[in-house]
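Structure file work.cif with mmCIF, C-alpha atoms and all ligand atoms:
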```cif
data_work
loop_
_atom_site.label_atom_id
_atom_site.label_comp_id
_atom_site.auth_asym_id
_atom_site.auth_seq_id
_atom_site.Cartn_x
_atom_site.Cartn_y
_atom_site.Cartn_z
CA MET W 1 -39.76 82.57 -11.25
CA GLN W 2 -37.45 85.49 -12.12
CA LEU W 3 -36.26 87.52 -9.13
CA PHE W 4 -35.52 91.21 -9.74
CA LEU W 5 -34.12 93.78 -7.33
CA ASP W 6 -36.12 96.98 -6.89
CA THR W 7 -33.24 99.38 -6.33
CA THR W 8 -30.84 102.00 -7.72
CA ASP W 9 -28.20 101.23 -5.07
CA THR W 10 -25.45 99.87 -7.33
CA ALA W 11 -23.19 98.82 -4.45
CA VAL W 12 -25.92 96.67 -2.90
CA LEU W 13 -26.89 95.41 -6.37
CA LYS W 14 -23.29 94.36 -7.11
CA ASP W 15 -23.13 92.45 -3.82
CA LEU W 16 -26.42 90.61 -4.34
CA ALA W 17 -25.81 90.02 -8.08
CA ALA W 18 -22.73 88.03 -7.03
CA THR W 19 -25.08 85.33 -5.69
CA GLY W 20 -26.13 84.59 -9.28
CA LEU W 21 -29.76 84.76 -8.13
CA VAL W 22 -30.60 88.26 -9.39
CA ASP W 23 -32.36 88.04 -12.78
CA GLY W 24 -32.92 91.75 -13.34
CA VAL W 25 -33.63 95.16 -11.79
CA THR W 26 -36.52 97.59 -11.65
CA THR W 27 -36.25 101.30 -10.92
CA ASN W 28 -38.79 104.10 -10.66
CA PRO W 29 -38.62 107.90 -10.38
CA THR W 30 -38.64 107.73 -6.56
CA LEU W 31 -35.68 105.33 -6.52
CA ILE W 32 -33.81 107.49 -9.05
CA ALA W 33 -34.46 110.60 -6.94
CA ARG W 34 -33.25 108.70 -3.85
CA SER W 35 -29.98 107.83 -5.64
CA GLY W 36 -29.19 111.54 -6.06
CA ARG W 37 -27.47 110.71 -9.35
CA PRO W 38 -28.19 111.36 -13.06
CA MET W 39 -30.70 108.76 -14.30
CA ALA W 40 -28.79 107.80 -17.46
CA GLN W 41 -25.63 107.15 -15.40
CA VAL W 42 -27.44 104.98 -12.85
CA ILE W 43 -29.29 102.96 -15.49
CA ALA W 44 -26.08 102.41 -17.53
CA GLU W 45 -24.25 101.24 -14.40
CA ILE W 46 -27.08 98.87 -13.45
CA CYS W 47 -27.19 97.46 -17.00
CA ASP W 48 -23.48 96.66 -16.69
CA LEU W 49 -24.05 94.83 -13.40
CA VAL W 50 -26.87 92.51 -14.54
CA GLU W 51 -27.53 90.81 -17.90
CA GLY W 52 -31.26 90.59 -17.34
CA PRO W 53 -34.01 93.20 -17.88
CA VAL W 54 -33.53 96.63 -16.25
CA SER W 55 -36.67 98.76 -16.02
CA ALA W 56 -36.21 102.52 -16.51
CA GLU W 57 -39.34 104.68 -16.20
CA VAL W 58 -40.38 107.56 -18.42
CA ALA W 59 -41.41 110.83 -16.77
CA ALA W 60 -43.50 112.31 -19.59
CA MET W 61 -47.29 111.98 -19.37
CA ASP W 62 -48.06 112.59 -23.06
CA VAL W 63 -47.63 109.94 -25.76
CA GLU W 64 -45.01 111.76 -27.85
CA GLY W 65 -43.00 112.60 -24.73
CA MET W 66 -43.16 108.99 -23.53
CA LEU W 67 -42.02 107.75 -26.94
CA ALA W 68 -39.10 110.19 -27.11
CA GLU W 69 -37.99 109.42 -23.55
CA GLY W 70 -38.49 105.68 -23.96
CA ARG W 71 -36.42 105.55 -27.14
CA LYS W 72 -33.63 107.47 -25.36
CA LEU W 73 -33.76 105.14 -22.33
CA SER W 74 -33.84 102.07 -24.58
CA ALA W 75 -30.68 103.29 -26.33
CA ILE W 76 -28.70 103.21 -23.05
CA ALA W 77 -28.29 99.41 -23.16
CA THR W 78 -29.81 96.38 -24.87
CA ASN W 79 -31.29 95.12 -21.59
CA VAL W 80 -33.25 98.30 -20.80
CA VAL W 81 -37.01 97.76 -20.46
CA VAL W 82 -39.02 100.98 -20.78
CA LYS W 83 -41.40 101.46 -17.85
CA VAL W 84 -44.61 103.36 -18.54
CA PRO W 85 -47.51 104.17 -16.19
CA LEU W 86 -50.83 102.38 -16.66
CA THR W 87 -52.64 105.33 -18.16
CA ARG W 88 -54.46 105.77 -21.49
CA ASN W 89 -51.38 107.48 -22.93
CA GLY W 90 -49.07 104.91 -21.33
CA LEU W 91 -50.88 102.08 -23.12
CA ILE W 92 -50.89 103.92 -26.45
CA ALA W 93 -47.13 104.34 -26.05
CA THR W 94 -46.83 100.66 -25.05
CA THR W 95 -48.39 99.57 -28.33
CA ALA W 96 -46.03 101.85 -30.28
CA PHE W 97 -43.02 100.49 -28.41
CA ALA W 98 -44.18 96.93 -29.13
CA HIS W 99 -44.22 97.74 -32.86
CA GLU W 100 -40.66 99.13 -32.52
CA GLY W 101 -39.42 96.04 -30.70
CA ILE W 102 -38.87 97.96 -27.45
CA GLN W 103 -39.68 95.94 -24.31
CA THR W 104 -42.08 97.58 -21.85
CA ASN W 105 -43.01 97.25 -18.19
CA VAL W 106 -46.44 98.78 -17.51
CA THR W 107 -46.39 99.95 -13.91
CA LEU W 108 -48.77 101.21 -11.21
CA CYS W 109 -51.30 98.44 -11.96
CA PHE W 110 -53.99 98.05 -9.28
CA SER W 111 -56.79 96.14 -11.02
CA ALA W 112 -57.28 93.10 -13.26
CA SER W 113 -59.06 95.23 -15.84
CA GLN W 114 -56.01 97.49 -16.05
CA ALA W 115 -53.82 94.40 -16.50
CA LEU W 116 -56.13 93.13 -19.27
CA LEU W 117 -55.72 96.40 -21.17
CA ALA W 118 -51.92 96.31 -20.70
CA ALA W 119 -51.72 92.82 -22.18
CA LYS W 120 -53.90 93.86 -25.12
CA ALA W 121 -51.55 96.84 -25.63
CA GLY W 122 -48.64 94.43 -25.97
CA ALA W 123 -46.87 95.03 -22.67
CA SER W 124 -43.82 92.81 -22.07
CA TYR W 125 -44.36 93.01 -18.29
CA ILE W 126 -47.21 94.16 -16.04
CA SER W 127 -46.40 95.41 -12.52
CA PRO W 128 -49.29 94.96 -10.07
CA PHE W 129 -48.42 96.73 -6.80
CA ILE W 130 -49.18 94.21 -4.04
CA GLY W 131 -47.93 96.15 -1.00
CA ARG W 132 -49.68 99.39 -1.87
CA LEU W 133 -52.99 97.55 -2.34
CA ASP W 134 -52.47 95.88 1.07
CA ASP W 135 -51.63 99.30 2.55
CA HIS W 136 -54.96 100.47 1.07
CA GLY W 137 -56.87 97.64 2.83
CA ALA W 138 -57.29 95.57 -0.32
CA ASP W 139 -55.92 92.06 -1.08
CA GLY W 140 -52.90 92.67 -3.30
CA MET W 141 -52.14 89.01 -3.73
CA ALA W 142 -55.64 88.25 -5.01
CA LEU W 143 -54.88 90.57 -7.91
CA ILE W 144 -51.92 88.41 -8.95
CA GLY W 145 -54.21 85.36 -9.10
CA GLU W 146 -56.85 87.24 -11.09
CA ILE W 147 -54.31 88.47 -13.65
CA ARG W 148 -52.81 84.98 -13.94
CA ALA W 149 -56.23 83.49 -14.65
CA ILE W 150 -57.11 86.14 -17.24
CA TYR W 151 -53.73 85.90 -19.03
CA ASP W 152 -53.96 82.09 -19.11
CA ASN W 153 -57.58 82.22 -20.36
CA TYR W 154 -56.52 84.18 -23.44
CA GLY W 155 -52.89 83.16 -23.91
CA PHE W 156 -51.42 86.62 -23.29
CA ASP W 157 -47.59 86.62 -23.31
CA THR W 158 -47.29 89.59 -20.94
CA GLU W 159 -45.25 88.54 -17.90
CA ILE W 160 -46.70 89.22 -14.45
CA LEU W 161 -44.05 91.13 -12.44
CA ALA W 162 -45.23 91.18 -8.81
CA ALA W 163 -44.19 94.57 -7.43
CA SER W 164 -44.44 96.60 -4.24
CA ILE W 165 -43.20 93.52 -2.39
CA ARG W 166 -42.86 94.01 1.37
CA THR W 167 -41.94 90.59 2.83
CA PRO W 168 -40.56 87.13 1.95
CA ALA W 169 -44.14 85.89 2.39
CA HIS W 170 -45.15 88.18 -0.48
CA VAL W 171 -42.54 86.49 -2.69
CA THR W 172 -43.78 83.01 -1.74
CA ALA W 173 -47.43 83.95 -2.23
CA ALA W 174 -46.71 85.62 -5.57
CA ALA W 175 -44.91 82.47 -6.74
CA LEU W 176 -47.84 80.30 -5.59
CA ALA W 177 -50.24 82.66 -7.39
CA GLY W 178 -48.30 82.19 -10.63
CA ALA W 179 -46.41 85.47 -11.03
CA ASP W 180 -43.62 85.17 -13.63
CA CYS W 181 -41.33 87.58 -11.76
CA ALA W 182 -41.11 89.47 -8.48
CA THR W 183 -39.22 92.70 -7.93
CA ILE W 184 -37.89 92.80 -4.40
CA PRO W 185 -36.30 95.49 -2.22
CA PRO W 186 -32.72 94.45 -1.29
CA ALA W 187 -33.49 94.01 2.43
CA THR W 188 -36.38 91.67 1.60
CA PHE W 189 -34.19 89.78 -0.88
CA GLU W 190 -31.59 89.26 1.87
CA ALA W 191 -34.36 88.01 4.18
CA LEU W 192 -35.25 85.28 1.66
CA PHE W 193 -32.10 83.39 2.64
CA LYS W 194 -32.87 83.45 6.35
CA HIS W 195 -34.68 81.04 8.68
CA PRO W 196 -33.97 80.63 12.42
CA LEU W 197 -34.14 76.82 12.16
CA THR W 198 -31.46 76.90 9.45
CA ASP W 199 -29.19 78.89 11.76
CA LYS W 200 -29.98 76.59 14.69
CA GLY W 201 -29.46 73.42 12.69
CA LEU W 202 -26.17 74.64 11.20
CA GLU W 203 -24.89 75.60 14.64
CA GLN W 204 -25.62 72.07 15.87
CA PHE W 205 -24.04 70.44 12.78
CA MET W 206 -20.86 72.49 13.23
CA ALA W 207 -20.69 71.72 16.95
CA ASP W 208 -21.09 67.99 16.30
CA TRP W 209 -18.61 68.07 13.42
CA ALA W 210 -16.01 69.80 15.60
CA LYS W 211 -16.27 66.91 18.07
CA THR W 212 -15.15 64.46 15.37
CA GLY W 213 -11.78 66.18 15.08
CA GLN W 214 -11.90 65.30 11.40
CA SER W 215 -11.01 67.43 8.36
CA ILE W 216 -12.57 66.89 4.94
CA LEU W 217 -9.51 68.17 3.06
O1 LIG D 1 -40.72 99.92 -8.32
C1 LIG D 1 -42.01 99.42 -8.39
C2 LIG D 1 -42.57 99.00 -7.06
O2 LIG D 1 -41.95 97.80 -6.66
C3 LIG D 1 -42.42 100.04 -5.97
O3 LIG D 1 -43.28 99.68 -4.94
O4 LIG D 1 -44.64 100.31 -2.98
O5 LIG D 1 -42.20 99.73 -2.68
O6 LIG D 1 -42.83 101.89 -3.80
P1 LIG D 1 -43.23 100.44 -3.52
#
```
What's the structure tokens form of this structure?
Amino acid sequence: MQLFLDTTDTAVLKDLAATGLVDGVTTNPTLIARSGRPMAQVIAEICDLVEGPVSAEVAAMDVEGMLAEGRKLSAIATNVVVKVPLTRNGLIATTAFAHEGIQTNVTLCFSASQALLAAKAGASYISPFIGRLDDHGADGMALIGEIRAIYDNYGFDTEILAASIRTPAHVTAAALAGADCATIPPATFEALFKHPLTDKGLEQFMADWAKTGQSIL
């Protein structure tokens, strides 16, 4: 499973990328706005920090605007993936990008039928928003399983990028449901390392080791 960070915070990204466990990054207009910095600068900096795919989202709603913006975003770095919304125009643009060899991440997916259309349009990635479905009283994780089944039934290559992740349990459940990738907020990524029994066990190991008076070196 590929683990992406859902962030534009380049300092936090640099720190977590040093673990070697960050496979890519996703951004969105809200995260760009939160950075308070020019989009092209942030995306270029992120692309320098990770080798893997970096999603940068178009803002245009019309096909020609999406194509123009996507081509400009794609030119920033070879690992840019153009993010488009799951709308009629977004899927028309997705097909055009596929013919141009530009990788796409179709975002704001909330149903299996939407995901089916995105795969047929040639999307490189589909981003079903688990947390927002849960917030809406639906079962976000069930959607991952439905998309997995549909994509496997027909051999679609589109990668399932579980998004709107809220907890480590979401990451585990998405992996069990067969998602290819998960994009994770930095705080949740940090929480993946943690378990109280690990801390407790390590404390005991270190206490017992200290009693030996030995040194390994
Ligand atoms: O960036 C895509 C997605 O992960 C954002 O989800 O619900 O945290 O805004 P959310």
**OP:** Can you work out which one of W:Glu45, W:Asp135, W:Glu146, W:Glu100 has the shortest atom-to-atom distance to Ala115 of chain W, counting only C-alpha atoms?
**Re:**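 Closest to Ala115 of chain W of all the choices is W:Glu146.
A distance search around ligand LIG 1 (chain D) (7 Å at most, only C-alpha atoms and all ligand atoms) returns the following protein and nucleic acid residues: Asp6, Thr26, Thr27, Asn28, Phe129, Gly131, Arg132, Ala163, Ser164, Ile165, Thr183 and Ile184 of chain W.
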Original post:
Neighbours of Val106 of chain W within 6 Å (all atoms listed in the file; same-chain residues fewer than 3 positions away dropped), as a PyMOL selection string?
Top reply: chain W and resi 83-86+126
Subject >> Nearest to Asn79 of chain W by atom-to-atom distance, counting all atoms listed in the file, from W:Thr198, W:Gln214, W:Asp139, W:Val54 >> reply: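 Using all atoms listed in the file, Asn79 of chain W sits closest to W:Val54.
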Original post:
For Pro185 of chain W, which residue out of W:Tyr154, W:Tyr125, W:Phe4, W:Phe205 is the nearest one, using only C-alpha atoms?
Top reply: W:Phe4
Original post:
Of the candidates W:Asp199, W:Pro53, W:Thr94, W:Leu143, which shows the shortest atom-to-atom distance to Ala112 of chain W, using only C-alpha atoms?
Top reply: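 Comparing W:Asp199, W:Pro53, W:Thr94, W:Leu143 against Ala112 of chain W, the winner is W:Leu143.
You will find atom CA of Glu69 of chain W at 15.7 Å from atom CA of Val42 of chain W.
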Subject >> Selected residue, from W:Gly178, W:Gly140, W:Pro29, W:Pro168, that lies nearest to Ala191 of chain W when counting all atoms listed in the file >> reply: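 Of W:Gly178, W:Gly140, W:Pro29, W:Pro168, the one nearest Ala191 of chain W is W:Pro168, counting all atoms listed in the file.
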**OP:** Would you work out the distance separating atom CA of Thr104 of chain W from atom CA of Gln41 of chain W, expressed in Å to one decimal?
**Re:**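 Atom CA of Gln41 of chain W lies 20.1 Å from atom CA of Thr104 of chain W.
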Subject >> Straight-line distance linking atom CA of Ser111 of chain W with atom CA of Ile144 of chain W, stated in Å to one decimal >> reply: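 Atom-to-atom, atom CA of Ser111 of chain W and atom CA of Ile144 of chain W are spaced 9.4 Å apart.
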Taking all listed atoms of segment 77-90 of chain W, build the axis-aligned box, pad each of the six sides by 8 Å, then write its centre and edge lengths in Å to one decimal as AutoDock Vina command-line options.
```
--center_x -41.4 --center_y 101.3 --center_z -20.5 --size_x 42.2 --size_y 28.4 --size_z 24.7
```
**OP:** Give the answer as one residue: which of W:Cys181, W:Ala174, W:Ile150, W:Ala59 has the shortest atom-to-atom distance to Val25 of chain W, using all atoms listed in the file?
**Re:**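 Checking each of W:Cys181, W:Ala174, W:Ile150, W:Ala59 against Val25 of chain W, counting all atoms listed in the file, the winner is W:Cys181.
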**OP:** Please provide as a list in words all residues within 8 Å of Ile76 of chain W, with the sequence filter that same-chain residues fewer than 2 positions apart are discarded (counting only C-alpha atoms).
**Re:** Ala40, Ile43, Ala44, Lys72, Leu73, Ser74, Thr78 and Val80 of chain W
Subject >> Near-Ser124 of chain W list (9 Å; only C-alpha atoms; drop same-chain fewer than 4 positions) as number ranges by chain >> reply: W: 81, 94, 98, 102-106, 118-119, 157-160
For segment 14-25 of chain W, which lacks atoms in the input, supply all heavy atoms and format the output as a short mmCIF file (atom, residue, chain, number, x, y, z; two decimals), in the coordinates of the input.
```cif
data_model
loop_
_atom_site.label_atom_id
_atom_site.label_comp_id
_atom_site.auth_asym_id
_atom_site.auth_seq_id
_atom_site.Cartn_x
_atom_site.Cartn_y
_atom_site.Cartn_z
N LYS W 14 -24.50 95.13 -6.75
CA LYS W 14 -23.29 94.36 -7.11
C LYS W 14 -23.09 93.20 -6.14
O LYS W 14 -22.81 92.06 -6.54
CB LYS W 14 -22.07 95.28 -7.08
CG LYS W 14 -20.79 94.66 -7.63
CD LYS W 14 -19.68 95.71 -7.75
CE LYS W 14 -18.43 95.09 -8.38
NZ LYS W 14 -17.35 96.10 -8.53
N ASP W 15 -23.31 93.48 -4.86
CA ASP W 15 -23.13 92.45 -3.82
C ASP W 15 -24.13 91.31 -4.01
O ASP W 15 -23.76 90.14 -4.02
CB ASP W 15 -23.31 93.10 -2.44
CG ASP W 15 -23.27 92.08 -1.31
OD1 ASP W 15 -22.26 91.35 -1.22
OD2 ASP W 15 -24.27 91.98 -0.57
N LEU W 16 -25.39 91.65 -4.22
CA LEU W 16 -26.42 90.61 -4.34
C LEU W 16 -26.34 89.90 -5.70
O LEU W 16 -26.60 88.71 -5.82
CB LEU W 16 -27.80 91.20 -4.11
CG LEU W 16 -28.13 91.49 -2.64
CD1 LEU W 16 -29.46 92.23 -2.51
CD2 LEU W 16 -28.16 90.19 -1.84
N ALA W 17 -25.94 90.64 -6.75
CA ALA W 17 -25.81 90.02 -8.08
C ALA W 17 -24.76 88.91 -8.06
O ALA W 17 -24.85 87.93 -8.81
CB ALA W 17 -25.45 91.07 -9.12
N ALA W 18 -23.80 89.04 -7.14
CA ALA W 18 -22.73 88.03 -7.03
C ALA W 18 -23.26 86.67 -6.60
O ALA W 18 -22.60 85.64 -6.77
CB ALA W 18 -21.66 88.51 -6.05
N THR W 19 -24.49 86.63 -6.06
CA THR W 19 -25.08 85.33 -5.69
C THR W 19 -25.52 84.56 -6.94
O THR W 19 -25.80 83.36 -6.85
CB THR W 19 -26.33 85.54 -4.79
OG1 THR W 19 -27.35 86.20 -5.58
CG2 THR W 19 -26.02 86.34 -3.55
N GLY W 20 -25.64 85.25 -8.06
CA GLY W 20 -26.13 84.59 -9.28
C GLY W 20 -27.63 84.40 -9.27
O GLY W 20 -28.20 83.73 -10.15
N LEU W 21 -28.31 85.00 -8.28
CA LEU W 21 -29.76 84.76 -8.13
C LEU W 21 -30.59 85.98 -8.53
O LEU W 21 -31.80 85.97 -8.41
CB LEU W 21 -30.06 84.39 -6.66
CG LEU W 21 -29.42 83.08 -6.18
CD1 LEU W 21 -29.62 82.92 -4.67
CD2 LEU W 21 -30.02 81.88 -6.92
N VAL W 22 -29.90 87.03 -9.00
CA VAL W 22 -30.60 88.26 -9.39
C VAL W 22 -30.79 88.25 -10.91
O VAL W 22 -29.82 88.28 -11.67
CB VAL W 22 -29.83 89.52 -8.96
CG1 VAL W 22 -30.55 90.79 -9.45
CG2 VAL W 22 -29.68 89.56 -7.44
N ASP W 23 -32.06 88.19 -11.34
CA ASP W 23 -32.36 88.04 -12.78
C ASP W 23 -32.55 89.37 -13.49
O ASP W 23 -32.60 89.41 -14.74
CB ASP W 23 -33.63 87.21 -12.95
CG ASP W 23 -33.47 85.80 -12.38
OD1 ASP W 23 -32.49 85.13 -12.77
OD2 ASP W 23 -34.28 85.40 -11.53
N GLY W 24 -32.69 90.45 -12.72
CA GLY W 24 -32.92 91.75 -13.34
C GLY W 24 -33.13 92.81 -12.28
O GLY W 24 -33.01 92.53 -11.08
N VAL W 25 -33.46 94.04 -12.71
CA VAL W 25 -33.63 95.16 -11.79
C VAL W 25 -34.80 96.01 -12.25
O VAL W 25 -35.07 96.13 -13.46
CB VAL W 25 -32.35 96.03 -11.77
CG1 VAL W 25 -32.54 97.29 -10.92
CG2 VAL W 25 -31.16 95.23 -11.23
#
```
